[in-house]
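Here is coords.csv, consisting of CSV, C-alpha atoms:
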chain,number,residue,atom,x,y,z
A,1223,MET,CA,-68.8,-137.3,72.2
A,1224,GLY,CA,-66.1,-139.6,70.9
A,1225,THR,CA,-67.3,-139.2,67.3
A,1226,THR,CA,-67.4,-135.5,67.5
A,1227,LEU,CA,-63.9,-135.3,69.0
A,1228,PHE,CA,-62.6,-137.7,66.3
A,1229,TYR,CA,-64.1,-135.5,63.5
A,1230,ILE,CA,-62.6,-132.3,65.1
A,1231,LEU,CA,-59.2,-134.0,65.4
A,1232,SER,CA,-59.3,-135.2,61.8
A,1233,ALA,CA,-60.4,-131.8,60.6
A,1234,ILE,CA,-57.4,-130.2,62.5
A,1235,ILE,CA,-55.0,-132.8,61.0
A,1236,LEU,CA,-56.2,-132.4,57.4
A,1237,VAL,CA,-56.5,-128.6,57.5
A,1238,PHE,CA,-53.1,-128.0,59.1
A,1239,SER,CA,-51.5,-130.6,56.9
A,1240,VAL,CA,-52.7,-128.7,53.8
A,1241,LEU,CA,-51.5,-125.5,55.4
A,1242,THR,CA,-48.1,-127.0,56.1
A,1243,VAL,CA,-47.4,-127.8,52.5
A,1244,THR,CA,-48.9,-124.7,51.0
A,1245,THR,CA,-48.1,-121.8,53.2
A,1246,LYS,CA,-45.6,-119.2,52.0
A,1247,LYS,CA,-43.8,-118.5,55.2
A,1248,ILE,CA,-41.5,-121.2,56.3
A,1249,LEU,CA,-41.8,-120.6,60.1
A,1250,ARG,CA,-45.6,-120.8,59.8
A,1251,ALA,CA,-45.2,-124.2,58.1
A,1252,ALA,CA,-43.3,-125.5,61.1
A,1253,VAL,CA,-46.0,-124.2,63.5
A,1254,TYR,CA,-48.7,-125.8,61.4
A,1255,LEU,CA,-46.8,-129.0,61.4
A,1256,LEU,CA,-46.7,-128.8,65.2
A,1257,PHE,CA,-50.5,-128.5,65.3
A,1258,THR,CA,-50.8,-131.6,63.0
A,1259,LEU,CA,-48.5,-133.6,65.2
A,1260,ILE,CA,-50.4,-132.6,68.4
A,1261,ALA,CA,-53.7,-133.6,66.8
A,1262,THR,CA,-52.2,-136.9,65.9
A,1263,ALA,CA,-51.3,-137.4,69.6
A,1264,GLY,CA,-54.9,-136.6,70.4
A,1265,LEU,CA,-55.9,-139.4,68.1
A,1266,TYR,CA,-53.6,-141.8,69.9
A,1267,PHE,CA,-55.1,-140.7,73.2
A,1268,MET,CA,-58.6,-141.5,71.8
A,1269,LEU,CA,-57.4,-145.0,70.8
A,1270,ASN,CA,-56.2,-145.5,74.4
A,1271,TYR,CA,-52.5,-145.7,73.5
A,1272,ASN,CA,-51.4,-143.2,76.2
A,1273,PHE,CA,-47.7,-144.1,76.1
A,1274,LEU,CA,-47.5,-143.7,72.3
A,1275,ALA,CA,-49.3,-140.4,72.5
A,1276,ALA,CA,-46.9,-139.2,75.2
A,1277,VAL,CA,-43.9,-140.3,73.0
A,1278,GLN,CA,-45.5,-138.5,70.0
A,1279,LEU,CA,-45.8,-135.3,72.1
A,1280,THR,CA,-42.3,-135.4,73.5
A,1281,VAL,CA,-40.3,-136.7,70.5
A,1282,TYR,CA,-42.2,-135.3,67.6
A,1283,ALA,CA,-43.9,-132.1,68.9
A,1284,GLY,CA,-41.2,-131.4,71.4
A,1285,GLY,CA,-38.1,-132.6,69.6
A,1286,ILE,CA,-38.4,-132.7,65.9
A,1287,VAL,CA,-40.4,-129.5,65.5
A,1288,VAL,CA,-37.9,-127.6,67.8
A,1289,LEU,CA,-35.1,-129.0,65.7
A,1290,ILE,CA,-36.8,-127.9,62.5
A,1291,ILE,CA,-37.5,-124.4,63.9
A,1292,PHE,CA,-33.9,-124.2,65.0
A,1293,SER,CA,-32.6,-125.1,61.6
A,1294,ILE,CA,-35.0,-122.5,60.0
A,1295,LEU,CA,-33.5,-119.8,62.3
A,1296,LEU,CA,-30.0,-120.9,61.4
A,1297,THR,CA,-30.6,-120.8,57.6
A,1298,HIS,CA,-33.2,-118.2,56.9
A,1299,GLN,CA,-34.3,-114.8,57.9
A,1300,ILE,CA,-37.5,-115.5,59.8
A,1301,ASN,CA,-39.9,-113.6,57.6
A,1302,LEU,CA,-38.5,-114.7,54.3
A,1303,ASN,CA,-41.1,-115.7,51.8
A,1304,LEU,CA,-40.6,-119.0,50.0
A,1305,SER,CA,-40.1,-118.7,46.3
A,1306,LYS,CA,-43.2,-119.3,44.3
A,1307,ILE,CA,-43.6,-122.7,42.7
A,1308,ARG,CA,-44.4,-122.9,39.0
A,1309,THR,CA,-48.1,-123.5,38.3
A,1310,SER,CA,-47.3,-126.4,36.0
A,1311,LYS,CA,-45.2,-128.1,38.6
A,1312,ALA,CA,-47.9,-127.6,41.3
A,1313,ILE,CA,-50.6,-129.0,39.0
A,1314,VAL,CA,-48.5,-132.1,38.2
A,1315,ALA,CA,-47.8,-132.7,41.9
A,1316,ALA,CA,-51.4,-132.1,42.9
A,1317,GLY,CA,-52.7,-134.3,40.1
A,1318,SER,CA,-50.4,-137.2,41.0
A,1319,ALA,CA,-51.1,-136.9,44.7
A,1320,LEU,CA,-54.9,-136.8,44.0
A,1321,LEU,CA,-54.6,-139.8,41.7
A,1322,GLY,CA,-52.8,-141.8,44.3
A,1323,ALA,CA,-55.2,-140.8,47.1
A,1324,VAL,CA,-58.3,-141.7,45.0
A,1325,LEU,CA,-56.7,-145.1,44.0
A,1326,VAL,CA,-55.7,-146.0,47.6
A,1327,LEU,CA,-59.1,-144.9,49.0
A,1328,LEU,CA,-61.1,-146.9,46.4
A,1329,THR,CA,-59.0,-150.0,47.1
A,1330,LEU,CA,-59.2,-149.6,50.8
A,1331,ASN,CA,-63.0,-149.1,50.8
A,1332,LYS,CA,-63.5,-152.2,48.6
A,1333,TYR,CA,-61.6,-154.4,51.0
A,1334,GLN,CA,-63.6,-155.9,53.8
A,1335,PHE,CA,-61.8,-155.5,57.1
A,1336,THR,CA,-63.2,-157.7,59.9
A,1337,ALA,CA,-62.9,-155.9,63.2
A,1338,SER,CA,-61.7,-158.2,65.9
A,1339,ASN,CA,-63.6,-158.5,69.2
A,1340,GLU,CA,-60.9,-159.9,71.2
A,1341,PRO,CA,-60.1,-158.1,74.4
A,1342,ALA,CA,-57.5,-155.4,73.9
A,1343,MET,CA,-54.1,-156.0,75.3
A,1344,ASP,CA,-53.1,-153.9,78.3
A,1345,ALA,CA,-51.3,-150.9,77.0
A,1346,SER,CA,-49.9,-149.6,80.2
A,1347,VAL,CA,-46.3,-148.5,80.5
A,1348,ASN,CA,-45.5,-151.5,82.6
A,1349,SER,CA,-46.6,-154.1,80.0
A,1350,ILE,CA,-45.0,-152.1,77.2
A,1351,GLY,CA,-41.7,-152.0,79.0
A,1352,ARG,CA,-41.8,-155.7,79.7
A,1353,GLN,CA,-42.7,-156.6,76.2
A,1354,MET,CA,-40.1,-154.2,74.8
A,1355,LEU,CA,-37.3,-155.8,76.8
A,1356,SER,CA,-38.3,-159.4,76.7
A,1357,TYR,CA,-36.3,-161.8,74.5
A,1358,GLY,CA,-39.1,-164.5,74.5
A,1359,ASP,CA,-42.0,-164.8,72.2
A,1360,GLY,CA,-43.3,-161.4,71.0
A,1361,GLY,CA,-40.4,-159.5,72.6
A,1362,TYR,CA,-38.7,-156.6,71.0
A,1363,ILE,CA,-35.2,-156.6,72.6
A,1364,LEU,CA,-33.3,-157.0,69.3
A,1365,PRO,CA,-34.9,-153.9,67.5
A,1366,PHE,CA,-34.6,-152.0,70.7
A,1367,GLU,CA,-30.8,-152.6,70.8
A,1368,VAL,CA,-30.4,-151.9,67.1
A,1369,ILE,CA,-32.3,-148.6,67.6
A,1370,SER,CA,-29.9,-147.6,70.4
A,1371,VAL,CA,-26.9,-148.2,68.1
A,1372,LEU,CA,-28.7,-146.3,65.3
A,1373,LEU,CA,-29.3,-143.3,67.6
A,1374,LEU,CA,-25.7,-143.3,68.7
A,1375,ALA,CA,-24.6,-143.5,65.0
A,1376,ALA,CA,-27.0,-140.7,64.1
A,1377,MET,CA,-25.8,-138.5,66.9
A,1378,ILE,CA,-22.1,-138.9,66.0
A,1379,GLY,CA,-22.9,-138.5,62.3
A,1380,ALA,CA,-24.9,-135.3,62.9
A,1381,ILE,CA,-22.1,-133.8,65.0
A,1382,ILE,CA,-19.4,-134.7,62.4
A,1383,ILE,CA,-21.4,-133.4,59.5
A,1384,ALA,CA,-22.5,-130.1,61.1
A,1385,LYS,CA,-19.0,-129.4,62.6
A,1386,LYS,CA,-17.1,-126.5,61.2
A,1387,ASP,CA,-13.8,-127.5,59.5
A,1388,LYS,CA,-10.9,-126.0,61.2
B,362,MET,CA,-61.5,-148.5,69.7
B,363,ILE,CA,-63.5,-145.3,69.4
B,364,GLU,CA,-67.2,-145.6,69.8
B,365,GLY,CA,-69.0,-145.1,66.4
B,366,ILE,CA,-65.8,-144.7,64.4
B,367,SER,CA,-64.9,-147.6,62.0
B,368,ILE,CA,-61.4,-148.3,60.8
B,369,TYR,CA,-62.3,-146.8,57.4
B,370,HIS,CA,-62.6,-143.4,58.9
B,371,ILE,CA,-59.2,-143.5,60.4
B,372,ILE,CA,-57.4,-144.9,57.3
B,373,THR,CA,-59.2,-142.3,55.2
B,374,VAL,CA,-57.7,-139.6,57.3
B,375,SER,CA,-54.2,-141.2,57.2
B,376,THR,CA,-54.4,-141.7,53.5
B,377,LEU,CA,-55.3,-138.1,52.8
B,378,MET,CA,-52.6,-137.0,55.2
B,379,PHE,CA,-50.0,-139.2,53.4
B,380,PHE,CA,-50.9,-137.8,50.0
B,381,ILE,CA,-50.9,-134.2,51.3
B,382,GLY,CA,-47.3,-135.0,52.4
B,383,ALA,CA,-46.5,-136.5,49.0
B,384,TYR,CA,-47.9,-133.3,47.3
B,385,GLY,CA,-45.7,-131.2,49.6
B,386,PHE,CA,-42.6,-133.3,48.8
B,387,MET,CA,-43.2,-133.0,45.0
B,388,SER,CA,-44.1,-129.3,44.9
B,389,ARG,CA,-41.7,-127.7,47.5
B,390,LYS,CA,-38.2,-126.7,46.6
B,391,ASN,CA,-36.9,-125.7,50.0
B,392,LEU,CA,-35.1,-128.6,51.8
B,393,ILE,CA,-36.6,-127.9,55.2
B,394,THR,CA,-40.2,-127.8,53.9
B,395,MET,CA,-39.5,-131.1,52.1
B,396,LEU,CA,-38.3,-132.5,55.4
B,397,MET,CA,-41.6,-131.4,56.9
B,398,ALA,CA,-43.5,-133.1,54.2
B,399,ILE,CA,-41.6,-136.3,54.9
B,400,GLU,CA,-42.5,-136.0,58.6
B,401,LEU,CA,-46.2,-135.7,57.6
B,402,MET,CA,-46.0,-138.9,55.6
B,403,LEU,CA,-44.2,-140.8,58.4
B,404,ASN,CA,-46.9,-139.6,60.7
B,405,ALA,CA,-49.7,-140.8,58.4
B,406,VAL,CA,-48.0,-144.2,58.3
B,407,ASN,CA,-47.9,-144.3,62.1
B,408,ILE,CA,-51.7,-143.6,62.3
B,409,ASN,CA,-52.2,-146.5,60.0
B,410,PHE,CA,-50.2,-148.9,62.0
B,411,VAL,CA,-51.9,-147.9,65.2
B,412,ALA,CA,-55.4,-148.1,63.7
B,413,PHE,CA,-54.8,-151.6,62.2
B,414,ASN,CA,-53.4,-152.7,65.5
B,415,LYS,CA,-56.3,-151.4,67.5
B,416,TYR,CA,-59.1,-152.5,65.3
B,417,LEU,CA,-57.9,-155.8,63.7
B,418,HIS,CA,-55.4,-157.3,66.2
B,419,PRO,CA,-56.0,-155.8,69.7
B,420,GLU,CA,-54.8,-158.9,71.4
B,421,ASN,CA,-51.1,-158.1,70.6
B,422,MET,CA,-49.3,-154.9,70.1
B,423,GLN,CA,-47.1,-155.1,66.9
B,424,GLY,CA,-48.5,-151.9,65.4
B,425,HIS,CA,-47.9,-150.0,68.6
B,426,PHE,CA,-44.2,-151.1,68.7
B,427,TYR,CA,-43.7,-150.4,65.0
B,428,SER,CA,-45.0,-146.9,65.6
B,429,LEU,CA,-42.6,-146.4,68.5
B,430,PHE,CA,-39.6,-147.5,66.4
B,431,ILE,CA,-40.7,-145.4,63.5
B,432,ILE,CA,-40.8,-142.3,65.8
B,433,ALA,CA,-37.3,-143.1,67.0
B,434,ILE,CA,-36.0,-143.5,63.5
B,435,ALA,CA,-37.8,-140.3,62.4
B,436,ALA,CA,-36.0,-138.4,65.1
B,437,ALA,CA,-32.6,-139.8,64.1
B,438,GLU,CA,-33.4,-139.1,60.4
B,439,ALA,CA,-34.4,-135.5,61.2
B,440,ALA,CA,-31.2,-134.9,63.2
B,441,VAL,CA,-28.9,-136.1,60.4
B,442,ALA,CA,-31.0,-134.3,57.7
B,443,ILE,CA,-30.8,-131.0,59.5
B,444,ALA,CA,-27.0,-131.4,60.0
B,445,ILE,CA,-26.7,-132.0,56.3
B,446,ILE,CA,-28.9,-129.0,55.5
B,447,ILE,CA,-26.9,-126.7,57.8
B,448,ASN,CA,-23.7,-127.9,56.2
B,449,LEU,CA,-25.1,-127.3,52.8
B,450,TYR,CA,-26.2,-123.8,53.8
B,451,ARG,CA,-22.7,-123.1,55.1
B,452,ASN,CA,-21.1,-124.2,51.8
B,453,MET,CA,-23.6,-123.0,49.2
B,454,HIS,CA,-25.6,-120.2,51.0
B,455,SER,CA,-28.8,-121.7,49.8
B,456,ILE,CA,-31.0,-124.7,50.7
B,457,ASP,CA,-33.1,-124.8,47.5
B,458,VAL,CA,-32.8,-128.2,45.8
B,459,GLU,CA,-32.4,-126.5,42.4
B,460,ASP,CA,-29.2,-124.7,43.6
B,461,ILE,CA,-27.7,-127.9,44.9
B,462,ASP,CA,-26.5,-129.7,41.7
B,463,GLN,CA,-22.8,-130.2,42.4
B,464,MET,CA,-23.0,-134.0,42.1
B,465,LYS,CA,-25.5,-133.9,39.2
B,466,TYR,CA,-23.1,-134.0,36.2
For the file at hand, write its structure as structure tokens.
Amino acid sequence: MGTTLFYILSAIILVFSVLTVTTKKILRAAVYLLFTLIATAGLYFMLNYNFLAAVQLTVYAGGIVVLIIFSILLTHQINLNLSKIRTSKAIVAAGSALLGAVLVLLTLNKYQFTASNEPAMDASVNSIGRQMLSYGDGGYILPFEVISVLLLAAMIGAIIIAKKDK
Amino acid sequence: MIEGISIYHIITVSTLMFFIGAYGFMSRKNLITMLMAIELMLNAVNINFVAFNKYLHPENMQGHFYSLFIIAIAAAEAAVAIAIIINLYRNMHSIDVEDIDQMKY
């Protein structure tokens, strides 16, 4: 059951990833990206990281994809076809991507990972929240605060950049 | 841990996803589609972090927290990138990288 589900999810991820980068219609690319992100959330659910999967669904699938679709609607006619890429450029890009993938896969498959048998840490929202806000050993309060400043800076920056000059 | 699935399966999927994103980044000319390719690559890295965390070090949660922070940074990055793209479109009426060469020379 778990294996079949994993193969289905990976097939969805790979097929829709390829469609995202090759489709001619830009709005369809955004929708295919949405499917990829949802399948990734499914993978997180299978690994028992429920909170991470929920964040993936809300922030990525709910936030970023909507933002991308919004920007497509602001900058394009919806059914505009993307300009065709030159074949030589596509071949060079595909060749280098393929070379990189083969190289990385060969290296990874040669390396012997030793799976740990220690009991998994509790990944409930309660323990995540406690660890995120603890300033003791293994706490993440500093990156948490830095992220909050970063988000504020990004928000102000985005407003200033996109604002119309009067 | 998923029954019957080793870490090699998951990192194979994420590697392929990463290089599909890399292909998209190299071959596309439209800024928004390039942004989508970057999101694909970030997502592949997230899967990697989570898989390593779950399979190799399940007793602590570093990979999980890294993924959370990457998601937050990706959201901030997308917001700023889209603001820049909208501004570019307003000034140049195009969002193809080949038309945007004002700072090239």
### Selection near Ala1342 in chain A, 12 Å with all atoms listed in the file, sequence-local residues under 6 positions removed, as an MDAnalysis selection string
(chainID A and resid 1269:1271) or (chainID B and resid 362 414:422)
Interface rows for chain B against chain A: nearest pair, Å to one decimal, 7 Å, all atoms listed in the file, as a Markdown table:
| residue | atom | partner | partner_atom | distance |
| --- | --- | --- | --- | --- |
| B:Met362 | CA | A:Leu1269 | CA | 5.5 |
| B:Ile363 | CA | A:Leu1269 | CA | 6.3 |
| B:Glu364 | CA | A:Gly1224 | CA | 6.2 |
| B:Gly365 | CA | A:Thr1225 | CA | 6.2 |
| B:Ile366 | CA | A:Thr1225 | CA | 6.4 |
| B:Thr373 | CA | A:Leu1327 | CA | 6.7 |
| B:Val374 | CA | A:Ser1232 | CA | 6.5 |
| B:Thr376 | CA | A:Ala1323 | CA | 6.5 |
| B:Leu377 | CA | A:Ala1323 | CA | 6.3 |
| B:Met378 | CA | A:Leu1236 | CA | 6.2 |
| B:Phe380 | CA | A:Ala1319 | CA | 5.4 |
| B:Ile381 | CA | A:Val1240 | CA | 6.3 |
| B:Ala383 | CA | A:Ala1319 | CA | 6.3 |
| B:Tyr384 | CA | A:Ala1315 | CA | 5.4 |
| B:Gly385 | CA | A:Val1243 | CA | 4.8 |
| B:Met387 | CA | A:Ala1315 | CA | 5.6 |
| B:Ser388 | CA | A:Ala1312 | CA | 5.5 |
| B:Ala398 | CA | A:Val1243 | CA | 6.8 |
| B:Tyr416 | CA | A:Ala1337 | CA | 5.5 |
| B:Leu417 | CA | A:Ser1338 | CA | 5.0 |
| B:His418 | CA | A:Ser1338 | CA | 6.4 |
| B:Pro419 | CA | A:Ala1342 | CA | 4.5 |
| B:Glu420 | CA | A:Met1343 | CA | 4.9 |
| B:Asn421 | CA | A:Met1343 | CA | 6.0 |
| B:Leu429 | CA | A:Leu1274 | CA | 6.8 |
| B:Ala436 | CA | A:Ile1286 | CA | 6.2 |
| B:Ala437 | CA | A:Ala1376 | CA | 5.7 |
| B:Ala439 | CA | A:Ile1286 | CA | 6.8 |
| B:Ala440 | CA | A:Ala1380 | CA | 6.3 |
| B:Val441 | CA | A:Ala1380 | CA | 4.8 |
| B:Ile443 | CA | A:Ser1293 | CA | 6.5 |
| B:Ala444 | CA | A:Ala1384 | CA | 4.8 |
| B:Ile445 | CA | A:Ile1383 | CA | 6.3 |
| B:Ile447 | CA | A:Ala1384 | CA | 6.5 |
| B:Asn448 | CA | A:Ala1384 | CA | 5.5 |
| B:Tyr450 | CA | A:Thr1297 | CA | 6.5 |
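Between CA of Leu1295 in chain A and CA of Leu449 in chain B the interatomic distance comes to 14.7 Å.
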### Query
If you measure from CA of Ala1261 in chain A to CA of Ile1234 in chain A, what distance in Å do you get, rounded to one decimal?
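Calculated distance between CA of Ala1261 in chain A and CA of Ile1234 in chain A is 6.6 Å.
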### Task
In Å, rounded to a single decimal, give me how far CA of Phe379 in chain B is from CA of Glu1367 in chain A.
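If I compute the distance from CA of Glu1367 in chain A to CA of Phe379 in chain B, I get 29.2 Å.
Counting all atoms listed in the file and comparing A:Lys1332, A:Ile1230, A:Ala1283, A:Lys1246, the residue that lies closest to Lys390 in chain B is A:Lys1246.
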Could you write range 437-455 of chain B as a compact mmCIF listing (two decimals), in the frame of the given file, with N, CA and C atoms rebuilt where they are missing?
# COMPACT_ATOMS: atom_id res chain seq x y z
N ALA B 437 -34.00 -139.70 64.52
CA ALA B 437 -32.60 -139.80 64.10
C ALA B 437 -32.44 -139.24 62.67
N GLU B 438 -33.43 -139.55 61.80
CA GLU B 438 -33.40 -139.10 60.40
C GLU B 438 -33.43 -137.53 60.38
N ALA B 439 -34.30 -136.94 61.20
CA ALA B 439 -34.40 -135.50 61.20
C ALA B 439 -33.11 -134.85 61.67
N ALA B 440 -32.47 -135.46 62.69
CA ALA B 440 -31.20 -134.90 63.20
C ALA B 440 -30.15 -134.88 62.13
N VAL B 441 -29.98 -136.03 61.44
CA VAL B 441 -28.90 -136.10 60.40
C VAL B 441 -29.29 -135.18 59.24
N ALA B 442 -30.57 -135.17 58.83
CA ALA B 442 -31.00 -134.30 57.70
C ALA B 442 -30.70 -132.87 58.00
N ILE B 443 -30.99 -132.44 59.22
CA ILE B 443 -30.80 -131.00 59.50
C ILE B 443 -29.31 -130.70 59.61
N ALA B 444 -28.49 -131.66 60.08
CA ALA B 444 -27.00 -131.40 60.00
C ALA B 444 -26.57 -131.24 58.61
N ILE B 445 -27.08 -132.08 57.70
CA ILE B 445 -26.70 -132.00 56.30
C ILE B 445 -27.15 -130.62 55.72
N ILE B 446 -28.39 -130.22 56.08
CA ILE B 446 -28.90 -129.00 55.50
C ILE B 446 -28.08 -127.78 56.02
N ILE B 447 -27.70 -127.79 57.30
CA ILE B 447 -26.90 -126.70 57.80
C ILE B 447 -25.52 -126.64 57.15
N ASN B 448 -24.95 -127.84 56.92
CA ASN B 448 -23.70 -127.90 56.20
C ASN B 448 -23.78 -127.37 54.80
N LEU B 449 -24.87 -127.75 54.13
CA LEU B 449 -25.10 -127.30 52.80
C LEU B 449 -25.24 -125.75 52.75
N TYR B 450 -26.00 -125.22 53.72
CA TYR B 450 -26.20 -123.80 53.80
C TYR B 450 -24.86 -123.07 53.97
N ARG B 451 -24.00 -123.67 54.79
CA ARG B 451 -22.70 -123.10 55.10
C ARG B 451 -21.85 -123.03 53.80
N ASN B 452 -21.94 -124.09 52.99
CA ASN B 452 -21.10 -124.20 51.80
C ASN B 452 -21.66 -123.50 50.59
N MET B 453 -22.99 -123.48 50.46
CA MET B 453 -23.60 -123.00 49.20
C MET B 453 -24.48 -121.77 49.43
N HIS B 454 -24.75 -121.39 50.67
CA HIS B 454 -25.60 -120.20 51.00
C HIS B 454 -26.98 -120.34 50.39
N SER B 455 -27.48 -121.53 50.26
CA SER B 455 -28.80 -121.70 49.80
C SER B 455 -29.26 -123.13 50.16
